[in-house]
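For reference, coords_12.txt (compact mmCIF, C-alpha atoms and all ligand atoms):
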```
# COMPACT_ATOMS: atom_id res chain seq x y z
CA MET A 87 17.91 -20.41 77.97
CA PRO A 88 21.20 -18.42 77.93
CA CYS A 89 23.57 -19.08 75.05
CA PRO A 90 26.52 -21.31 76.20
CA LYS A 91 28.93 -19.10 74.25
CA ALA A 92 28.18 -16.16 76.57
CA THR A 93 29.67 -18.03 79.53
CA ARG A 94 33.08 -18.66 77.85
CA CYS A 95 36.09 -16.57 78.88
CA VAL A 96 38.99 -18.64 77.43
CA ALA A 97 40.02 -18.29 73.77
CA PRO A 98 38.80 -21.44 72.00
CA THR A 99 40.94 -23.71 69.80
CA MET A 100 40.00 -24.33 66.13
CA GLY A 101 37.95 -27.45 66.88
CA GLU A 102 36.25 -25.70 69.72
CA THR A 103 35.45 -22.70 67.52
CA GLU A 104 33.46 -24.91 65.16
CA LYS A 105 31.66 -26.50 68.11
CA LEU A 106 30.85 -23.10 69.54
CA GLU A 107 29.58 -21.89 66.18
CA GLN A 108 27.28 -24.89 66.14
CA LEU A 109 26.12 -24.13 69.68
CA ASN A 110 25.62 -20.50 68.74
CA ASP A 111 23.51 -21.62 65.78
CA MET A 112 21.41 -23.69 68.14
CA CYS A 113 20.75 -20.53 70.18
CA ILE A 114 19.11 -18.78 67.25
CA PRO A 115 15.42 -19.44 67.60
CA ASP A 116 12.89 -20.31 64.91
CA ALA A 117 9.90 -18.10 64.25
CA GLU A 118 6.85 -20.03 65.39
CA GLU A 119 4.17 -17.76 64.01
CA THR A 120 4.50 -17.41 60.26
CA ASP A 121 2.26 -16.74 57.33
CA GLY A 122 2.81 -16.22 53.63
CA ASN A 123 1.29 -14.79 50.51
CA TYR A 124 2.42 -14.46 46.91
CA GLU A 125 4.63 -11.45 47.60
CA ASN A 126 5.56 -11.65 51.28
CA PHE A 127 6.61 -14.01 54.05
CA ILE A 128 5.34 -12.82 57.43
CA ALA A 129 6.97 -13.90 60.70
CA LYS A 130 6.62 -12.85 64.31
CA CYS A 131 10.07 -12.28 65.84
CA PRO A 132 10.65 -14.88 68.61
CA HIS A 133 12.71 -12.28 70.59
CA CYS A 134 10.44 -9.23 70.59
CA GLU A 135 7.22 -10.42 68.92
CA HIS A 136 7.47 -7.76 66.21
CA LYS A 137 5.50 -8.72 63.10
CA ASN A 138 8.09 -8.77 60.30
CA ILE A 139 6.92 -8.57 56.70
CA PHE A 140 9.67 -9.89 54.43
CA ASN A 141 9.12 -9.16 50.77
CA ARG A 142 10.19 -12.25 48.86
CA VAL A 143 11.94 -10.35 46.06
CA SER A 144 13.39 -7.29 47.82
CA ASP A 145 14.14 -8.61 51.35
CA LEU A 146 14.63 -12.35 50.96
CA GLU A 147 15.84 -12.31 47.33
CA ILE A 148 14.24 -15.69 46.71
CA VAL A 149 10.93 -16.46 45.04
CA GLU A 150 10.92 -20.22 45.72
CA PRO A 151 9.16 -21.50 48.88
CA ILE A 152 11.36 -20.96 51.95
CA ASP A 153 12.49 -24.14 53.61
CA PHE A 154 15.06 -22.47 55.89
CA LYS A 155 16.49 -18.97 56.02
CA ARG A 156 18.14 -16.85 58.69
CA VAL A 157 16.80 -13.31 58.93
CA ILE A 158 17.24 -10.26 61.14
CA CYS A 159 14.30 -8.67 62.93
CA PHE A 160 13.23 -5.35 61.37
CA ASN A 161 12.45 -3.82 64.78
CA SER A 162 15.27 -1.28 65.33
CA ASN A 163 15.27 -1.99 69.08
CA CYS A 164 15.75 -5.71 68.47
CA ARG A 165 17.69 -6.48 65.26
CA LYS A 166 18.29 -10.03 66.47
CA PRO A 167 18.62 -13.04 64.17
CA PHE A 168 16.03 -15.79 63.88
CA ASN A 169 15.16 -18.57 61.45
CA ILE A 170 12.18 -18.81 59.15
CA GLY A 171 10.90 -21.80 57.19
CA GLY A 172 7.96 -24.11 56.58
CA ASP A 173 6.68 -21.99 53.72
CA SER A 174 3.60 -23.21 51.86
CA ILE A 175 4.13 -24.46 48.34
CA ASN A 176 1.01 -23.16 46.71
CA GLU A 177 0.87 -22.40 43.03
CA ASN A 178 1.01 -18.67 42.29
CA TYR A 179 -2.68 -18.61 41.27
CA GLU A 180 -3.63 -20.26 44.57
CA TYR A 181 -1.81 -17.51 46.49
CA LEU A 182 -3.71 -14.83 44.58
CA ILE A 183 -7.03 -16.48 45.35
CA LEU A 184 -6.18 -16.94 49.05
CA ASP A 185 -5.20 -13.27 49.31
CA CYS A 186 -8.81 -12.40 48.52
CA TYR A 187 -9.95 -13.49 51.99
CA GLU A 188 -7.91 -10.66 53.51
CA LEU A 189 -8.90 -8.20 50.80
CA LEU A 190 -12.57 -9.02 51.38
CA GLU A 191 -12.16 -8.42 55.09
CA ILE A 192 -10.79 -4.92 54.55
CA LYS A 193 -13.37 -4.29 51.81
CA ARG A 194 -10.83 -3.76 49.01
CA TYR A 195 -13.20 -5.18 46.43
CA MET A 196 -11.48 -3.64 43.41
CA TYR A 197 -8.25 -5.43 44.32
CA CYS A 198 -10.18 -8.68 44.77
CA ILE A 199 -11.34 -8.47 41.17
CA LEU A 200 -7.79 -7.80 39.95
CA ASN A 201 -6.48 -10.76 41.96
CA LEU A 202 -9.18 -13.12 40.76
CA CYS A 203 -8.72 -12.26 37.09
CA GLN A 204 -4.94 -12.53 37.36
CA ALA A 205 -5.31 -15.86 39.18
CA CYS A 206 -7.30 -17.19 36.21
CA GLU A 207 -4.66 -15.99 33.75
CA MET A 208 -1.88 -17.59 35.82
CA PHE A 209 -3.89 -20.80 36.06
CA PHE A 210 -4.29 -20.91 32.27
CA ARG A 211 -0.58 -20.26 31.81
CA ARG A 212 0.35 -23.03 34.21
CA ALA A 213 -2.06 -25.40 32.49
CA ILE A 214 -0.54 -24.59 29.09
CA GLU A 215 2.97 -25.24 30.46
CA THR A 216 1.82 -28.52 31.97
CA LYS A 217 0.30 -29.81 28.75
CA LEU A 218 3.00 -28.61 26.36
CA LEU A 219 6.12 -28.95 28.48
CA PHE A 220 5.93 -30.78 31.81
CA GLN A 221 3.82 -33.79 30.83
CA PRO A 222 5.75 -34.51 27.59
CA TYR A 223 9.02 -34.19 29.50
CA ARG A 224 7.77 -36.53 32.23
CA ASP A 225 6.61 -38.99 29.56
CA LYS A 226 10.03 -38.83 27.86
CA VAL A 227 8.73 -37.30 24.62
CA PHE A 228 12.02 -35.42 24.89
CA GLU A 229 14.78 -35.98 27.40
CA HIS A 230 17.12 -33.03 27.86
CA THR A 231 16.56 -30.04 30.11
CA GLU A 232 18.12 -27.88 27.37
CA GLN A 233 15.20 -28.88 25.12
CA LEU A 234 12.77 -28.07 27.91
CA ASN A 235 14.30 -24.62 28.39
CA ALA A 236 14.28 -23.95 24.64
CA LEU A 237 10.57 -24.87 24.50
CA PHE A 238 9.89 -22.59 27.47
CA LYS A 239 11.47 -19.70 25.64
CA LYS A 240 9.55 -20.45 22.47
CA LEU A 241 6.26 -20.71 24.36
CA TYR A 242 6.77 -17.46 26.28
CA ASP A 243 7.89 -15.53 23.23
CA ASN A 244 4.51 -16.51 21.76
CA ILE A 245 2.09 -16.14 24.65
CA GLU A 246 3.68 -13.17 26.41
CA LYS A 247 1.08 -10.76 25.03
CA TYR A 248 -1.93 -13.05 25.59
CA THR A 249 -4.55 -11.95 28.06
CA PHE A 250 -7.58 -13.68 29.53
CA ASP A 251 -9.62 -14.39 26.39
CA LYS A 252 -6.82 -15.84 24.30
CA LEU A 253 -5.40 -17.87 27.21
CA ARG A 254 -8.87 -19.28 27.87
CA GLN A 255 -9.17 -20.31 24.21
CA VAL A 256 -5.83 -22.12 24.31
CA PHE A 257 -6.85 -23.79 27.57
CA PHE A 258 -10.07 -25.11 26.01
CA ASN A 259 -8.21 -26.25 22.93
CA LEU A 260 -5.63 -28.21 24.93
CA TYR A 261 -7.84 -29.66 27.66
CA PHE A 262 -11.39 -29.92 26.36
CA TYR A 263 -10.11 -31.58 23.19
CA ASN A 264 -7.53 -33.57 25.15
CA LYS A 265 -4.56 -32.75 22.92
CA SER A 266 -1.48 -34.91 23.33
CA PHE A 267 1.97 -34.52 21.88
CA GLN A 268 4.19 -37.41 20.84
CA SER A 269 7.18 -35.53 19.51
CA ILE A 270 9.06 -32.31 20.10
CA LYS A 271 8.17 -31.28 16.53
CA MET A 272 4.44 -31.55 17.34
CA ILE A 273 4.92 -29.27 20.36
CA GLU A 274 6.93 -26.74 18.35
CA ASP A 275 4.36 -26.74 15.53
CA TYR A 276 1.54 -26.22 18.02
CA ILE A 277 3.32 -23.25 19.63
CA ASP A 278 4.13 -21.77 16.21
CA THR A 279 0.49 -21.84 15.11
CA LEU A 280 -1.05 -20.51 18.36
CA ASP A 281 -1.49 -17.00 16.95
CA HIS A 282 -3.44 -18.26 13.94
CA GLN A 283 -5.86 -20.47 15.82
CA LYS A 284 -9.47 -19.37 15.59
CA ASN A 285 -11.71 -18.97 18.60
CA ILE A 286 -12.57 -22.59 19.12
CA ILE A 287 -14.38 -22.56 22.43
CA PRO A 288 -16.88 -25.42 22.07
CA ASP A 289 -20.60 -24.70 21.88
CA ASP A 290 -22.88 -25.62 24.76
CA SER A 291 -24.20 -28.83 23.18
CA GLU A 292 -20.64 -30.09 22.76
CA ILE A 293 -19.77 -29.26 26.38
CA GLU A 294 -22.89 -31.17 27.50
CA LYS A 295 -21.35 -34.34 26.10
CA TYR A 296 -18.14 -34.08 28.11
CA PRO A 297 -17.93 -37.39 30.01
CA ASN A 298 -16.80 -36.25 33.48
CA ILE A 299 -19.56 -34.32 35.23
CA LYS A 300 -17.34 -32.17 37.49
CA ALA A 301 -15.08 -31.16 34.60
CA ARG A 302 -18.15 -30.60 32.39
CA ASN A 303 -19.71 -28.20 34.88
CA ALA A 304 -16.40 -26.40 35.33
CA PHE A 305 -16.00 -26.02 31.54
CA LYS A 306 -19.55 -24.59 31.37
CA GLU A 307 -18.84 -22.07 34.13
CA LEU A 308 -15.48 -21.16 32.62
CA LYS A 309 -17.03 -20.48 29.23
CA CYS A 310 -19.45 -17.95 30.77
CA LEU A 311 -16.99 -16.39 33.22
CA GLY A 312 -16.89 -12.60 32.79
CA ILE A 313 -14.21 -11.69 35.32
CA ASN A 314 -12.03 -10.21 32.55
CA LYS A 315 -14.71 -7.69 31.60
CA LEU A 316 -15.19 -6.75 35.23
CA ARG A 317 -11.41 -6.40 35.63
CA ASN A 318 -11.24 -4.12 32.59
CA ASN A 319 -13.96 -1.90 34.02
CA VAL A 320 -12.08 -1.66 37.31
CA VAL A 321 -8.71 -0.94 35.73
CA HIS A 322 -9.57 1.39 32.90
CA LYS A 323 -10.98 4.89 32.89
CA TYR A 324 -14.30 3.86 34.43
CA GLY A 325 -12.62 3.01 37.74
CA TYR A 326 -15.59 0.76 38.40
CA ARG A 327 -16.20 -0.06 42.07
CA PRO A 328 -17.60 -3.58 42.39
CA SER A 329 -20.04 -4.51 45.14
CA LYS A 330 -19.38 -7.07 47.83
CA GLN A 331 -21.93 -9.34 46.19
CA GLU A 332 -20.21 -9.17 42.79
CA VAL A 333 -16.88 -10.05 44.38
CA GLU A 334 -18.25 -12.90 46.48
CA GLU A 335 -20.06 -14.44 43.50
CA ASN A 336 -16.93 -14.36 41.34
CA PHE A 337 -14.71 -15.52 44.20
CA LYS A 338 -16.86 -18.60 44.81
CA LYS A 339 -17.25 -19.36 41.11
CA ILE A 340 -13.54 -19.06 40.31
CA GLN A 341 -12.50 -21.16 43.31
CA GLY A 342 -14.89 -23.88 42.16
CA ILE A 343 -13.74 -23.81 38.52
CA ILE A 344 -10.02 -23.83 39.29
CA CYS A 345 -10.35 -26.46 42.01
CA ALA A 346 -12.32 -28.83 39.73
CA LEU A 347 -10.11 -28.44 36.66
CA ASP A 348 -6.89 -28.45 38.68
CA SER A 349 -7.68 -31.75 40.36
CA TYR A 350 -9.20 -33.44 37.29
CA PHE A 351 -6.32 -32.57 34.96
CA LYS A 352 -3.60 -32.56 37.67
CA ILE A 353 -2.40 -29.14 36.58
CA GLY A 354 -0.77 -28.11 39.84
CA GLU A 355 1.02 -31.45 40.18
CA LYS A 356 4.61 -30.98 41.26
CA TYR A 357 7.18 -32.17 38.76
CA GLN A 358 10.54 -33.32 40.03
CA PHE A 359 12.83 -31.46 37.73
CA SER A 360 14.24 -28.00 37.49
CA VAL A 361 13.72 -25.50 34.76
CA ASP A 362 15.66 -22.34 34.06
CA LYS A 363 14.19 -20.01 36.66
CA MET A 364 14.25 -16.96 34.43
CA GLN A 365 11.92 -18.73 32.05
CA SER A 366 9.76 -20.71 34.41
CA ASN A 367 9.03 -18.19 37.05
CA GLN A 368 9.09 -14.53 36.35
CA LYS A 369 10.89 -12.16 34.09
CA LYS A 370 12.65 -9.60 36.20
ZN ZN A 401 12.65 -8.74 67.14
```
Can you dump the structure from the file as structure tokens?
Ligand SMILES: [Zn+2]
Amino acid sequence: MPCPKATRCVAPTMGETEKLEQLNDMCIPDAEETDGNYENFIAKCPHCEHKNIFNRVSDLEIVEPIDFKRVICFNSNCRKPFNIGGDSINENYEYLILDCYELLEIKRYMYCILNLCQACEMFFRRAIETKLLFQPYRDKVFEHTEQLNALFKKLYDNIEKYTFDKLRQVFFNLYFYNKSFQSIKMIEDYIDTLDHQKNIIPDDSEIEKYPNIKARNAFKELKCLGINKLRNNVVHKYGYRPSKQEVEENFKKIQGIICALDSYFKIGEKYQFSVDKMQSNQKK
């Protein structure tokens, strides 16, 4: 349908200008075919069908899910505007796991292992935030967003250097032993003593007594998970090349563990409050 503005030949008045701008806006089409991953938003241009890959940080300059944004087609013969939106609101670890389907298809098994291990680390981090910050804030253990941001900073100053093993230990400590925090002082004390905590992953007989069967099985699998060792072999000097079978086994196992623990403990639950983005999302 031609844009109504193109048929005008008389200079519009102020009121008309606004109307025409609105009409012009209506002429800018929405991308109908879109897809997204952790780093990029992909959209087929509705004018020329060029597949545009918008990097969230460099091109769109926004890391939150995209509800609506006007973009310009990258195709140099097109360069027309269109709208994108309807982004998925997956957790970052979910994105990394979903990316593995594509990586498996193109047989980039080393990258699959990196994604899967990083997804676990991000899941642990999110779970730690949920237990120490989001749930107490929701339950009014403390009330001000300034307190929430201060706790975020304290937590990240402490766990910044933690990798898989230590994050897994903290996860077990918080969730297997069902820790709860009734005051801001309890949260601060817990964060302050994280470095000194011993390896307290429960032994098998203790895990066997965990009341919920799905969570119990997931805890058992998580305890034995060796994706971090595999990741280290891939990354470091060995440059280990994993087989398809190794990747598929870990992929299935990690999906199962995260899915069970996520739904049982409501880790990915969306909380209706904002947190200082620099602290909650990523350090640039
Ligand atoms: Zn285009």
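Taking CA of Phe258 (chain A) and CA of Ala213 (chain A) as the two end points, the separation is 10.3 Å.
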With distances taken over all atoms listed in the file, the candidate from A:Phe168, A:Phe209, A:Tyr223, A:Tyr263 nearest ligand ZN 401 (chain A) is A:Phe168
Nearby polymer residues, ligand ZN 401 (chain A), at most 9 Å, all atoms listed in the file, as a short mmCIF file (atom, residue, chain, number, x, y, z; two decimals) with C-alpha atoms, in the frame of the given file:
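So the final result, stored in pocket06.cif, reads:
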```cif
data_model
loop_
_atom_site.label_atom_id
_atom_site.label_comp_id
_atom_site.auth_asym_id
_atom_site.auth_seq_id
_atom_site.Cartn_x
_atom_site.Cartn_y
_atom_site.Cartn_z
CA LYS A 130 6.62 -12.85 64.31
CA CYS A 131 10.07 -12.28 65.84
CA PRO A 132 10.65 -14.88 68.61
CA HIS A 133 12.71 -12.28 70.59
CA CYS A 134 10.44 -9.23 70.59
CA GLU A 135 7.22 -10.42 68.92
CA HIS A 136 7.47 -7.76 66.21
CA LYS A 137 5.50 -8.72 63.10
CA ASN A 138 8.09 -8.77 60.30
CA ILE A 158 17.24 -10.26 61.14
CA CYS A 159 14.30 -8.67 62.93
CA PHE A 160 13.23 -5.35 61.37
CA ASN A 161 12.45 -3.82 64.78
CA SER A 162 15.27 -1.28 65.33
CA ASN A 163 15.27 -1.99 69.08
CA CYS A 164 15.75 -5.71 68.47
CA ARG A 165 17.69 -6.48 65.26
CA LYS A 166 18.29 -10.03 66.47
CA PRO A 167 18.62 -13.04 64.17
CA PHE A 168 16.03 -15.79 63.88
#
```
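Separating CA of Ile287 (chain A) from CA of Gln255 (chain A) is a distance of 5.9 Å.
Atom pair CA of Lys323 (chain A) / CA of Arg194 (chain A): separated by 18.3 Å.
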Residues within 12 Å of Glu147 (chain A), please, as a compact mmCIF listing (two decimals) with C-alpha atoms, in the frame of the given file. Count only C-alpha atoms; anything in the same chain fewer than 4 positions from it doesn't count.
```txt
# COMPACT_ATOMS: atom_id res chain seq x y z
CA GLU A 125 4.63 -11.45 47.60
CA ASN A 126 5.56 -11.65 51.28
CA PHE A 127 6.61 -14.01 54.05
CA PHE A 140 9.67 -9.89 54.43
CA ASN A 141 9.12 -9.16 50.77
CA ARG A 142 10.19 -12.25 48.86
CA VAL A 143 11.94 -10.35 46.06
CA PRO A 151 9.16 -21.50 48.88
CA ILE A 152 11.36 -20.96 51.95
CA LYS A 155 16.49 -18.97 56.02
CA VAL A 157 16.80 -13.31 58.93
CA LYS A 370 12.65 -9.60 36.20
```
Put a box with edges along x, y and z around all the listed atoms of region 347-351 of chain A, pad it by 8 Å on each side, then give me its centre and sizes in Å, one decimal, as lines of an AutoDock Vina configuration file.
```
center_x = -8.2
center_y = -30.9
center_z = 37.7
size_x = 19.8
size_y = 21.0
size_z = 21.4
```
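Shortest separation to Asn176 (chain A) among A:Phe351, A:Tyr124, A:Phe220, A:Phe210 occurs at residue A:Tyr124, atoms counted being only C-alpha atoms.
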